[in-house]
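Visitor: Before we start, here is the structure in question, set down as structure tokens.
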Amino acid sequence: MRLPALVVTPHSSAQVPAEVLALMLGQRFYDREAREERLEWLFRESDPYTDVLFHTPEAHNLHAPVSRFVVDLNRGREEGGDNGVLKLTDFEKRLLYPAGFILSELDREERLRRYWDSFHHEIEQVLEVNEIRLLVNGHSMQPSGPAIGPDVGKPRPAVGLMAGTDSEGTPFEGYPSLPKALALDVLSLAHKHFAPLLRGQISEAIRLGEPWKSDQLSQRYSNPARARPVPGFGLEFNRALYLTYEDGKECPDDAMIRVLNAAFRAFLAEVMELV
């Protein structure tokens with residue numbers, strides 16, 4: 001019998017539909033090397049390998065079908081701005097489309113309907129049919145804050161928890177996605193399961209509310225105004241933990257990914273005892 005938990009990775013996909021890739025590349029769309037180069041770039045700028053890091057067969061899993069640079073499934077449907085639901089740049093403010101590109105309202109709505117609406121409809125179905133009691137949203141993060149972010153250039157912790165609270169578990173705005181006591185208990189379990197893996201790493205810190213205080217998807221589904229709110233939190237692994245550099249390129253450290261995944265699954269099992 002599965003755990004009544006849903007584990008989501010909204011930024012794990014490297015898929016970019018042909019019609020979106022063509023808008024990004026223009027005439028270079030017909031150049032195989034240009035297509036491969038763009039897809040590799042977007043994968044690096046996503047949350048690479050999080051579908052493996054958070055693979056949890058004993059729970060319910062849902063992974064993004066498209067890249068966050070097609071539609072960011074972890075943003076509100078109407079959210080604009082540089083880091084909104086439909087992005088025109090990456091996190092270093094490099095253009096994804098030719099200069100001056102504007103996505104029409106018709107094309108915007110079609111893209112949201114096709115990818116955002118269908119993904120969140122699937123979440124709703126899983127929550128309802130399986131009586132889910134906890135939602136965990138899995139991410140990775142750059143070792144230091146990028147140009148778009150609350151912590152530009154600052155070193156980031158090894159593991160970050162987001163529950164709509166500050167570092168003490170106090171709600172920082174509106175409602176938390178986890179009550180204070182539960183948020184602190186989850187933080188304690190994160191230390192128990194992840195701290196032994198971090199010795200000698202670039203960072204050994206495990207933080208609540210750093211660098212992000214809230215995770216939008218968790219906030220959405222824990223909203224008290226919902227008919228059946230589901231508590232949840234976001235969990236981020238620092239990419240420096242599981243990516244290495246060879247010939248100037250990021251490569252997955254398969255052994256570390258396996259270890260982090262095992263620790264996450266043990267962590268989740270204990271968290272479920274609290275929920």
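Letters for chains follow the order of the structure tokens (A, B, ...), residue numbers begin at 1 for each chain, and ligand numbers begin at 1 in the order shown.
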If you run DSSP on this backbone, which residues of stretch 1-59 of chain A come out as strand (DSSP E or B), and could you give them as a PyMOL selection string?
Guide: chain A and resi 5-9
Visitor: Name the residues in contact with stretch 101-112 of chain A at a cut-off of 9 Å, using only C-alpha atoms, excluding same-chain residues fewer than 4 positions from it; report them as a compact mmCIF listing (two decimals) with C-alpha atoms, in the first residue's frame.
Guide:
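Result saved to part_39.txt:
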```txt
# COMPACT_ATOMS: atom_id res chain seq x y z
CA LEU A 23 9.89 30.38 -31.54
CA MET A 24 13.10 30.42 -29.53
CA VAL A 70 7.95 26.38 -21.62
CA VAL A 71 5.62 26.86 -18.64
CA ARG A 77 -1.27 30.77 -13.69
CA VAL A 85 4.84 31.41 -15.33
CA LEU A 86 6.01 32.16 -18.90
CA LEU A 88 11.44 35.25 -21.60
CA TYR A 97 13.71 34.23 -27.62
CA TRP A 116 -0.32 24.35 -16.82
CA ASP A 117 -3.99 23.43 -16.68
CA SER A 118 -3.46 19.77 -17.49
```
Visitor: Quick check, in Å to one decimal: how far apart do atom CA of A:Ser203 and atom CA of A:Ile257 lie?
Guide: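 That distance, rounded to one decimal, is 16.4 Å.
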Visitor: Identify, with DSSP run on backbone atoms, the residues in stretch 147-198 of chain A assigned to alpha helix (DSSP H), and express the list as a list in words.
Guide: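 Here is the list: Lys180, Ala181, Leu182, Ala183, Leu184, Asp185, Val186, Leu187, Ser188, Leu189, Ala190, His191, Lys192, His193 and Phe194 of chain A.
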Visitor: Contacts of A:Asn61 at 8 Å or less, counting only C-alpha atoms, minus same-chain residues fewer than 6 places along, as a list in words?
Guide: Leu6, Val7, Val8 and His55 of chain A
Visitor: Quick one: residues within 12 Å of A:Pro211, only C-alpha atoms, excluding same-chain residues fewer than 2 positions away - as a ChimeraX atom specification?
Guide: /A:140-146,149-167,205-209,213-215,234-238
Visitor: Please, what distance in Å, to one decimal, runs between atom CA of A:Val16 and atom CA of A:Ile148?
Guide: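 Interatomic distance, atom CA of A:Val16 to atom CA of A:Ile148: 21.8 Å.
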Visitor: Distance atom CA of A:Ala190-atom CA of A:Leu53, one decimal place?
Guide: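 Pair atom CA of A:Ala190 / atom CA of A:Leu53 returns 15.0 Å.
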Visitor: With only C-alpha atoms as the basis for distance, which of A:Glu204, A:Glu36, A:Ala240, A:Leu62 is at the shortest distance from A:Pro252?
Guide: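 Among the listed residues, A:Ala240 lies closest to A:Pro252.
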Visitor: Given only C-alpha atoms as the basis, pick out the residue of A:Phe29, A:Ser67, A:Leu42, A:His121 nearest to A:Arg94.
Guide: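 Between A:Phe29, A:Ser67, A:Leu42, A:His121, the residue approaching A:Arg94 most closely is A:Leu42.
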Visitor: Point out the residue among A:Arg44, A:His120, A:His191, A:Arg32 with the least atom-to-atom distance to A:Phe91, counting only C-alpha atoms.
Guide: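 Nearest to A:Phe91: A:Arg44.
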